[in-house]
Amino acid sequence: MAQDSKIEWTQSTWNPVTGCTKTSTGCKNCYAERIALRLKAMGNPNYADGFRVTLHHQALEIPLRWKQPRTIFVNSMSDLFHEDVPLDFISEVFDIMRRACHHRFQILTKRSGRLMELSPELPWGENIWMGVTVENTDHTCRMNDLRATDAVVKFVSFEPLLGPISDVDLEGIDWVIVGGESGPRARLMRGEWAVEIRDQCLVAGIPFFFKQWGGVNKKKAGRILEERTWDEMPHEFEAAARREVESGISG
């Protein structure tokens, strides 16, 4: 339920929950579903139910056993804020993250409405980065829900980026990831879509990470955008300072 990761913007994955259901167009060619069904066919006991939402209580304390600090993507094989994951279990996951304060945790969700609803009930810590996925202009509203949470570091993953997103509101956002879809039925990401978001980040002074062009052979397609790689990352103390400034202005 945990392993080193090949995802470019993290180091390890931790999956106290596996399985999900499709909620928007970005889910159409879900990589996690493909992997889960393959692992089920291989007889992996953690995927006996395939891609059905499954809670793994035995996996909860794994990060506490990792002594070396690392960056951990939470639920790469699920969505922690899926409606079938009870608040009590989500709270347990958050409690582990707070206790494992030597690590940095990254969470992504498409279910931003539930995230916003549950945010006041959760024990947030400065080492917990919260993000939402936005695949096209139909789902930029998820960023508003993210802004309403108590997360110190807030980020947006425009992946798979399925259309142009102009004049995106980046207020209160600390980090932006952009990437194309990969896999056998990958949909096209146009270069100008990625560049437009990159340029908006440059203007706003927000760290920008270009993950991949994607496609059927993502390794061959690479991750060079306009003759360079973009591996910028946010810093917790800068995000906290920005929150204090914004709070002072709004107050």
# chains A, B, ... in the order shown; residues from 1 in each chain; ligands from 1
call {"tool": "select_by_dssp", "arguments": {"residues": "stretch 61-221 of chain A", "states": "alpha helix (DSSP H)", "output": "compact mmCIF listing (two decimals) with N, CA and C atoms, in the first residue's frame"}}
result
# COMPACT_ATOMS: atom_id res chain seq x y z
N ILE A 62 1.77 3.34 8.10
CA ILE A 62 2.98 3.17 7.29
C ILE A 62 3.89 4.40 7.33
N PRO A 63 3.38 5.63 7.15
CA PRO A 63 4.29 6.79 7.17
C PRO A 63 5.02 6.96 8.50
N LEU A 64 4.44 6.50 9.59
CA LEU A 64 5.11 6.61 10.89
C LEU A 64 6.33 5.71 10.97
N ARG A 65 6.36 4.68 10.15
CA ARG A 65 7.51 3.75 10.14
C ARG A 65 8.62 4.21 9.22
N LEU A 87 -16.01 10.22 7.23
CA LEU A 87 -15.26 11.29 7.86
C LEU A 87 -14.31 10.76 8.92
N ASP A 88 -14.73 9.76 9.68
CA ASP A 88 -13.87 9.21 10.73
C ASP A 88 -12.56 8.67 10.16
N PHE A 89 -12.67 8.02 9.00
CA PHE A 89 -11.45 7.46 8.39
C PHE A 89 -10.58 8.58 7.82
N ILE A 90 -11.19 9.56 7.19
CA ILE A 90 -10.43 10.70 6.68
C ILE A 90 -9.70 11.39 7.83
N SER A 91 -10.37 11.53 8.96
CA SER A 91 -9.75 12.16 10.13
C SER A 91 -8.56 11.34 10.63
N GLU A 92 -8.67 10.00 10.57
CA GLU A 92 -7.55 9.15 10.97
C GLU A 92 -6.35 9.38 10.05
N VAL A 93 -6.62 9.49 8.75
CA VAL A 93 -5.54 9.75 7.79
C VAL A 93 -4.87 11.09 8.12
N PHE A 94 -5.66 12.11 8.39
CA PHE A 94 -5.11 13.42 8.72
C PHE A 94 -4.32 13.37 10.02
N ASP A 95 -4.79 12.61 10.99
CA ASP A 95 -4.08 12.50 12.26
C ASP A 95 -2.71 11.86 12.05
N ILE A 96 -2.64 10.84 11.22
CA ILE A 96 -1.35 10.21 10.91
C ILE A 96 -0.42 11.23 10.25
N MET A 97 -0.95 12.01 9.32
CA MET A 97 -0.12 13.01 8.63
C MET A 97 0.42 14.04 9.61
N ARG A 98 -0.39 14.48 10.54
CA ARG A 98 0.07 15.44 11.54
C ARG A 98 1.14 14.83 12.43
N ARG A 99 0.95 13.58 12.81
CA ARG A 99 1.93 12.91 13.67
C ARG A 99 3.24 12.67 12.94
N SER A 112 -14.11 18.53 -4.65
CA SER A 112 -13.77 19.72 -3.88
C SER A 112 -14.90 20.19 -2.98
N GLY A 113 -16.14 19.91 -3.36
CA GLY A 113 -17.28 20.30 -2.53
C GLY A 113 -17.23 19.61 -1.18
N ARG A 114 -16.95 18.32 -1.19
CA ARG A 114 -16.86 17.58 0.09
C ARG A 114 -15.62 18.02 0.86
N LEU A 115 -14.54 18.27 0.16
CA LEU A 115 -13.34 18.80 0.81
C LEU A 115 -13.66 20.07 1.58
N MET A 116 -14.33 21.01 0.94
CA MET A 116 -14.67 22.28 1.59
C MET A 116 -15.59 22.05 2.77
N GLU A 117 -16.55 21.15 2.60
CA GLU A 117 -17.51 20.87 3.67
C GLU A 117 -16.84 20.29 4.91
N LEU A 118 -15.87 19.39 4.70
CA LEU A 118 -15.23 18.69 5.82
C LEU A 118 -14.03 19.43 6.39
N CYS A 141 -14.21 25.88 -10.81
CA CYS A 141 -14.90 26.14 -9.55
C CYS A 141 -14.29 25.35 -8.40
N ARG A 142 -13.61 24.26 -8.69
CA ARG A 142 -12.95 23.48 -7.64
C ARG A 142 -11.90 24.32 -6.92
N MET A 143 -11.33 25.27 -7.63
CA MET A 143 -10.32 26.13 -7.02
C MET A 143 -10.94 27.03 -5.95
N ASN A 144 -12.17 27.45 -6.17
CA ASN A 144 -12.86 28.26 -5.15
C ASN A 144 -13.08 27.45 -3.88
N ASP A 145 -13.46 26.18 -4.04
CA ASP A 145 -13.64 25.31 -2.88
C ASP A 145 -12.32 25.12 -2.14
N LEU A 146 -11.24 24.94 -2.90
CA LEU A 146 -9.92 24.77 -2.30
C LEU A 146 -9.52 26.00 -1.49
N ARG A 147 -9.78 27.16 -2.05
CA ARG A 147 -9.42 28.40 -1.37
C ARG A 147 -10.13 28.54 -0.02
N GLY A 191 0.21 22.50 -26.93
CA GLY A 191 1.28 23.22 -26.27
C GLY A 191 0.87 24.60 -25.81
N GLU A 192 0.04 25.28 -26.59
CA GLU A 192 -0.35 26.64 -26.21
C GLU A 192 -1.19 26.66 -24.93
N TRP A 193 -1.89 25.56 -24.64
CA TRP A 193 -2.67 25.51 -23.40
C TRP A 193 -1.73 25.52 -22.19
N ALA A 194 -0.67 24.71 -22.27
CA ALA A 194 0.29 24.64 -21.17
C ALA A 194 1.05 25.95 -21.02
N VAL A 195 1.46 26.53 -22.14
CA VAL A 195 2.22 27.78 -22.11
C VAL A 195 1.39 28.91 -21.52
N GLU A 196 0.10 28.94 -21.85
CA GLU A 196 -0.76 30.00 -21.33
C GLU A 196 -0.84 29.96 -19.80
N ILE A 197 -0.98 28.76 -19.25
CA ILE A 197 -1.02 28.64 -17.79
C ILE A 197 0.34 28.96 -17.19
N ARG A 198 1.42 28.48 -17.84
CA ARG A 198 2.77 28.80 -17.37
C ARG A 198 2.98 30.30 -17.29
N ASP A 199 2.56 31.02 -18.33
CA ASP A 199 2.75 32.47 -18.37
C ASP A 199 1.97 33.17 -17.26
N GLN A 200 0.77 32.66 -16.98
CA GLN A 200 -0.02 33.25 -15.89
C GLN A 200 0.66 33.03 -14.54
N CYS A 201 1.29 31.88 -14.37
CA CYS A 201 2.04 31.61 -13.13
C CYS A 201 3.24 32.54 -13.01
N LEU A 202 3.93 32.76 -14.11
CA LEU A 202 5.09 33.66 -14.08
C LEU A 202 4.68 35.06 -13.65
N VAL A 203 3.59 35.54 -14.18
CA VAL A 203 3.10 36.87 -13.83
C VAL A 203 2.72 36.94 -12.35
N ALA A 204 2.09 35.87 -11.86
CA ALA A 204 1.61 35.86 -10.48
C ALA A 204 2.68 35.45 -9.48
N LYS A 218 4.65 8.29 -23.02
CA LYS A 218 4.94 9.54 -22.32
C LYS A 218 6.43 9.76 -22.11
N LYS A 219 7.19 8.67 -21.97
CA LYS A 219 8.64 8.82 -21.77
C LYS A 219 9.28 9.41 -23.02
N LYS A 220 8.86 8.95 -24.18
CA LYS A 220 9.40 9.48 -25.44
C LYS A 220 8.97 10.93 -25.64
N ALA A 221 7.73 11.25 -25.29
CA ALA A 221 7.23 12.61 -25.45
C ALA A 221 7.96 13.58 -24.53
call {"tool": "residues_around", "arguments": {"residues": "stretch 165-169 of chain A", "least_positions_apart": "2", "cutoff": "7 Å", "atoms": "only C-alpha atoms", "output": "PyMOL selection string"}}
result
chain A and resi 136-137+163+171+193
call {"tool": "select_by_dssp", "arguments": {"residues": "stretch 8-182 of chain A", "states": "strand (DSSP E)", "output": "MDAnalysis selection string"}}
result
chainID A and resid 12:14 17:18 54:55 71:74 104:109 128:133 153:158 175:179
call {"tool": "write_last_selection", "arguments": {"atoms": "C-alpha atoms", "output": "compact mmCIF listing (two decimals), in the first residue's frame"}}
result
# COMPACT_ATOMS: atom_id res chain seq x y z
CA SER A 12 6.50 8.10 -2.52
CA THR A 13 2.86 7.06 -2.59
CA TRP A 14 0.70 5.94 0.33
CA VAL A 17 -7.79 3.97 0.40
CA THR A 18 -7.96 2.35 -3.03
CA THR A 54 -11.78 0.01 -0.15
CA LEU A 55 -10.42 1.23 3.19
CA THR A 71 7.34 13.83 0.07
CA ILE A 72 4.32 11.52 -0.04
CA PHE A 73 1.39 11.55 -2.47
CA VAL A 74 -1.67 10.36 -0.54
CA ARG A 104 5.39 16.34 3.53
CA PHE A 105 2.02 15.01 2.32
CA GLN A 106 0.28 15.89 -0.95
CA ILE A 107 -3.45 15.20 -1.45
CA LEU A 108 -5.41 15.66 -4.69
CA THR A 109 -9.18 15.54 -5.10
CA ILE A 128 -0.24 18.76 4.52
CA TRP A 129 -0.51 20.16 1.00
CA MET A 130 -4.04 20.14 -0.43
CA GLY A 131 -4.77 20.23 -4.14
CA VAL A 132 -7.60 19.93 -6.65
CA THR A 133 -7.60 18.61 -10.20
CA VAL A 153 -0.28 24.99 1.00
CA LYS A 154 -2.90 24.91 -1.76
CA PHE A 155 -2.14 23.62 -5.25
CA VAL A 156 -3.85 22.87 -8.54
CA SER A 157 -3.09 20.03 -10.92
CA PHE A 158 -4.20 20.84 -14.46
CA TRP A 175 1.66 25.81 -6.73
CA VAL A 176 0.52 24.77 -10.21
CA ILE A 177 1.12 21.47 -12.01
CA VAL A 178 0.34 20.97 -15.71
CA GLY A 179 0.43 17.72 -17.61
call {"tool": "closest_residue", "arguments": {"among": "A:Arg111, A:Glu8, A:Lys40, A:Leu161", "to": "A:Gly222", "atoms": "only C-alpha atoms"}}
result
A:Glu8
call {"tool": "residues_around", "arguments": {"residues": "A:Asn44", "least_positions_apart": "6", "cutoff": "12 Å", "atoms": "only C-alpha atoms", "output": "PyMOL selection string"}}
result
chain A and resi 1+35-38+50
call {"tool": "closest_residue", "arguments": {"among": "A:Gly205, A:Gly214, A:Pro69, A:Pro120", "to": "A:Ser182", "atoms": "only C-alpha atoms"}}
result
A:Gly214
call {"tool": "atom_distance", "arguments": {"atom1": "atom CA of A:Gly172", "atom2": "atom CA of A:Ala148"}}
result
9.5 Å
call {"tool": "closest_residue", "arguments": {"among": "A:Arg223, A:His103, A:Lys22, A:His56", "to": "A:Val85", "atoms": "only C-alpha atoms"}}
result
A:His56
call {"tool": "residues_around", "arguments": {"residues": "A:Asp84", "least_positions_apart": "4", "cutoff": "10 Å", "atoms": "only C-alpha atoms", "output": "list of chain:residue names"}}
result
A:Cys20, A:Thr21, A:Arg52, A:Val53, A:Thr54, A:Leu55, A:Asp79, A:Leu80
call {"tool": "decode", "arguments": {"residues": "stretch 100-114 of chain A", "atoms": "C-alpha atoms", "output": "CSV table (one decimal), in the first residue's frame"}}
result
chain,number,residue,atom,x,y,z
A,100,ALA,CA,4.4,12.1,10.8
A,101,CYS,CA,5.4,15.8,10.8
A,102,HIS,CA,8.8,14.9,9.4
A,103,HIS,CA,7.2,14.1,6.1
A,104,ARG,CA,5.4,16.3,3.5
A,105,PHE,CA,2.0,15.0,2.3
A,106,GLN,CA,0.3,15.9,-1.0
A,107,ILE,CA,-3.5,15.2,-1.5
A,108,LEU,CA,-5.4,15.7,-4.7
A,109,THR,CA,-9.2,15.5,-5.1
A,110,LYS,CA,-11.8,16.2,-7.7
A,111,ARG,CA,-14.5,16.2,-5.0
A,112,SER,CA,-13.8,19.7,-3.9
A,113,GLY,CA,-17.3,20.3,-2.5
A,114,ARG,CA,-16.9,17.6,0.1
